[in-house]
Amino acid sequence: MMILEHAAVEPFFKNGFVLGCEDTGEGVIIDPGDEVEQLLDAARRQRLAITSILLTHAHLDHITGVGRAKAALGVPVWLHEADNFLYERVVQQGFAFGFRVEAQPPVDHFYEMQRHEGHEGFEGALRFGRYRVRVLHTPGHCPGGVCLAVSRDGEKRAVLFVGDTLFAGSIGRTDLPGGDMDTLLRSIRDVLFTFPDDTVVWSGHGAATTIGEERRTNPFLR
Ligand SMILES: [Zn+2]
Ligand SMILES: [Zn+2]
């Protein structure tokens with residue numbers, strides 16, 4: 001079983017994740033925010049060698065811990081290029097929400113999107129141990145939003161880390177800069193809903209869900 005740890009703290013209660021390969025001890029951190037110390041503790045406790053910091057998007061709650069994670073781990077930060085304008089304006093995002101936020105170190109790599117199977121995706125060097133990470137472009141909550149589909153080599157089933165694209169019983173807000181409701185609904189239907197019903201979905205806020213549960217009961221998607 002893949003090692004999976006998550007943490008969320010006030011004020012945003014945004015989920016940050018540590019994933020690790022149970023065979024090799026390599027891992028990644030997803031969306032380090034204010035809970036970054038818990039994520040780093042979890043990585044240490046699990047004796048993981050973290051190789052990348054992967055961002056689902058660049059709203060402030062998902063990136064306030066990037067600098068501390070990078071300082072502790074010395075590994076590259078990945079983001080979709082279309083969200084870099086948000087990333088570079090994290091201090092101003094803080095002002096807009098009434099928080100003092102520090103500037104974060106520059107992004108090291110942008111996910112290079114390629115078109116395949118009708119949508120934009122990236123499946124380059126992103127691996128940890130025996131796991132691969134497919135990056136699916138799912139704009140709508142913001143222009144550079146991505147979902148990360150993590151699968152073990154030789155296995156078809158994936159676990160999805162969807163940022164603020166989809167929540168248990170809800171969807172991401174679309175009233176922030178670059179947000180668009182039609183685009184978001186299309187991303188969910190055309191990209192996420194191609195996964196089987198039993199696919200586990202970890203969202204940026206709140207509890208985990210499954211594709212089938214949201215397909216059946218999510219009021220925004222019926
Ligand atoms: Zn967001
Ligand atoms: Zn969020």
# chains A, B, ... in the order shown; residues from 1 in each chain; ligands from 1

call {"tool": "residues_near_ligand", "arguments": {"ligand": "ligand 2", "cutoff": "9 Å", "atoms": "only C-alpha atoms and all ligand atoms", "output": "ChimeraX atom specification"}}
result
/A:12-15,57-62,163-164,172,203-205

call {"tool": "closest_residue", "arguments": {"among": "A:Val200, A:Val150, A:Leu221, A:Leu54", "to": "Asp182 of chain A", "atoms": "only C-alpha atoms"}}
result
A:Leu221

call {"tool": "closest_residue", "arguments": {"among": "A:Leu185, A:Phe122, A:Gly169, A:Phe110", "to": "Pro139 of chain A", "atoms": "only C-alpha atoms"}}
result
A:Leu185

call {"tool": "closest_residue", "arguments": {"among": "A:Val162, A:Val28, A:Cys142, A:Ala149", "to": "Thr174 of chain A", "atoms": "only C-alpha atoms"}}
result
A:Cys142

call {"tool": "select_by_dssp", "arguments": {"residues": "chain A", "states": "strand (DSSP E or B)", "output": "ChimeraX atom specification"}}
result
/A:3-7,14,16-20,26-30,49-54,77-79,109-110,114-116,119-122,127-128,131-137,146-152,159-161,166-167,170-171,200-202,205,209-210

call {"tool": "write_last_selection", "arguments": {"atoms": "C-alpha atoms", "output": "PDB file, in the first residue's frame"}}
result
ATOM      1  CA  ILE A   3       2.211   5.550   2.149  1.00  0.00           C
ATOM      2  CA  LEU A   4      -0.264   8.440   2.430  1.00  0.00           C
ATOM      3  CA  GLU A   5      -0.279  11.067   5.174  1.00  0.00           C
ATOM      4  CA  HIS A   6      -2.300  14.252   5.261  1.00  0.00           C
ATOM      5  CA  ALA A   7      -2.680  17.256   7.506  1.00  0.00           C
ATOM      6  CA  LYS A  14      -6.418  22.957   3.437  1.00  0.00           C
ATOM      7  CA  GLY A  16      -1.450  18.903   2.436  1.00  0.00           C
ATOM      8  CA  PHE A  17      -0.199  15.418   1.542  1.00  0.00           C
ATOM      9  CA  VAL A  18       2.886  13.239   1.819  1.00  0.00           C
ATOM     10  CA  LEU A  19       2.969  10.224  -0.492  1.00  0.00           C
ATOM     11  CA  GLY A  20       5.613   7.529  -0.368  1.00  0.00           C
ATOM     12  CA  GLU A  26      10.935   7.746  -2.088  1.00  0.00           C
ATOM     13  CA  GLY A  27       8.121  10.244  -1.829  1.00  0.00           C
ATOM     14  CA  VAL A  28       6.559  13.558  -2.798  1.00  0.00           C
ATOM     15  CA  ILE A  29       4.831  16.380  -0.946  1.00  0.00           C
ATOM     16  CA  ILE A  30       1.647  17.865  -2.409  1.00  0.00           C
ATOM     17  CA  ALA A  49      13.346  10.631   0.847  1.00  0.00           C
ATOM     18  CA  ILE A  50      11.167  13.361  -0.676  1.00  0.00           C
ATOM     19  CA  THR A  51      12.071  14.087  -4.299  1.00  0.00           C
ATOM     20  CA  SER A  52       9.575  16.781  -5.374  1.00  0.00           C
ATOM     21  CA  ILE A  53       7.088  19.358  -4.175  1.00  0.00           C
ATOM     22  CA  LEU A  54       4.027  19.128  -6.423  1.00  0.00           C
ATOM     23  CA  VAL A  77       8.843  22.779  -6.935  1.00  0.00           C
ATOM     24  CA  TRP A  78       6.426  21.982  -9.769  1.00  0.00           C
ATOM     25  CA  LEU A  79       3.438  24.050 -10.938  1.00  0.00           C
ATOM     26  CA  HIS A 109       9.615  23.390 -13.200  1.00  0.00           C
ATOM     27  CA  PHE A 110       6.364  23.910 -15.025  1.00  0.00           C
ATOM     28  CA  GLN A 114       0.910  17.407 -23.942  1.00  0.00           C
ATOM     29  CA  ARG A 115      -2.405  16.621 -25.560  1.00  0.00           C
ATOM     30  CA  HIS A 116      -3.438  13.023 -25.286  1.00  0.00           C
ATOM     31  CA  HIS A 119      -7.179  16.545 -22.890  1.00  0.00           C
ATOM     32  CA  GLU A 120      -3.997  18.155 -21.653  1.00  0.00           C
ATOM     33  CA  GLY A 121      -1.775  16.010 -19.507  1.00  0.00           C
ATOM     34  CA  PHE A 122       1.819  15.489 -18.443  1.00  0.00           C
ATOM     35  CA  ARG A 127       7.797   9.389 -10.243  1.00  0.00           C
ATOM     36  CA  PHE A 128       8.524   8.277  -6.711  1.00  0.00           C
ATOM     37  CA  TYR A 131       4.667   5.064  -8.476  1.00  0.00           C
ATOM     38  CA  ARG A 132       4.034   7.431 -11.350  1.00  0.00           C
ATOM     39  CA  VAL A 133       2.198  10.735 -11.218  1.00  0.00           C
ATOM     40  CA  ARG A 134       0.101  11.793 -14.193  1.00  0.00           C
ATOM     41  CA  VAL A 135      -0.674  15.501 -14.246  1.00  0.00           C
ATOM     42  CA  LEU A 136      -4.087  16.356 -15.689  1.00  0.00           C
ATOM     43  CA  HIS A 137      -4.865  19.966 -16.551  1.00  0.00           C
ATOM     44  CA  VAL A 146      -4.187  20.347 -12.202  1.00  0.00           C
ATOM     45  CA  CYS A 147      -5.228  17.020 -10.744  1.00  0.00           C
ATOM     46  CA  LEU A 148      -2.594  14.418  -9.923  1.00  0.00           C
ATOM     47  CA  ALA A 149      -3.389  10.790 -10.763  1.00  0.00           C
ATOM     48  CA  VAL A 150      -1.033   8.508  -8.835  1.00  0.00           C
ATOM     49  CA  SER A 151      -0.719   4.839  -9.793  1.00  0.00           C
ATOM     50  CA  ARG A 152       1.599   1.997  -8.962  1.00  0.00           C
ATOM     51  CA  VAL A 159      -5.679   7.735  -6.568  1.00  0.00           C
ATOM     52  CA  LEU A 160      -6.614  11.323  -7.448  1.00  0.00           C
ATOM     53  CA  PHE A 161      -5.391  14.487  -5.742  1.00  0.00           C
ATOM     54  CA  LEU A 166     -13.862  18.897  -6.800  1.00  0.00           C
ATOM     55  CA  PHE A 167     -14.938  18.378  -3.186  1.00  0.00           C
ATOM     56  CA  SER A 170     -19.263  20.453  -3.845  1.00  0.00           C
ATOM     57  CA  ILE A 171     -16.981  21.992  -6.449  1.00  0.00           C
ATOM     58  CA  VAL A 200     -10.529   7.528  -4.429  1.00  0.00           C
ATOM     59  CA  VAL A 201     -10.454  11.340  -4.571  1.00  0.00           C
ATOM     60  CA  TRP A 202      -8.505  13.462  -2.091  1.00  0.00           C
ATOM     61  CA  HIS A 205     -10.311  20.736   1.657  1.00  0.00           C
ATOM     62  CA  THR A 209     -14.575  10.866  -1.560  1.00  0.00           C
ATOM     63  CA  THR A 210     -14.846   8.719  -4.679  1.00  0.00           C
TER      64      THR A 210
END

call {"tool": "select_by_dssp", "arguments": {"residues": "segment 158-211 of chain A", "states": "helix (DSSP H, G or I)", "output": "PyMOL selection string"}}
result
chain A and resi 181-190+192-194+211

call {"tool": "closest_residue", "arguments": {"among": "A:Val191, A:Ile63, A:Met181, A:Ala82", "to": "ligand 1", "atoms": "only C-alpha atoms and all ligand atoms"}}
result
A:Ile63

call {"tool": "closest_residue", "arguments": {"among": "A:Asn84, A:Gln93, A:Gln38, A:Thr165", "to": "ligand 1", "atoms": "only C-alpha atoms and all ligand atoms"}}
result
A:Thr165

call {"tool": "closest_residue", "arguments": {"among": "A:Asp108, A:Asp31, A:Glu102, A:Glu37", "to": "ligand 1", "atoms": "only C-alpha atoms and all ligand atoms"}}
result
A:Asp31

call {"tool": "atom_distance", "arguments": {"atom1": "atom CA of Val36 of chain A", "atom2": "atom CA of Arg68 of chain A"}}
result
7.3 Å

call {"tool": "atom_distance", "arguments": {"atom1": "atom CA of Gly206 of chain A", "atom2": "atom CA of Asn218 of chain A"}}
result
14.4 Å
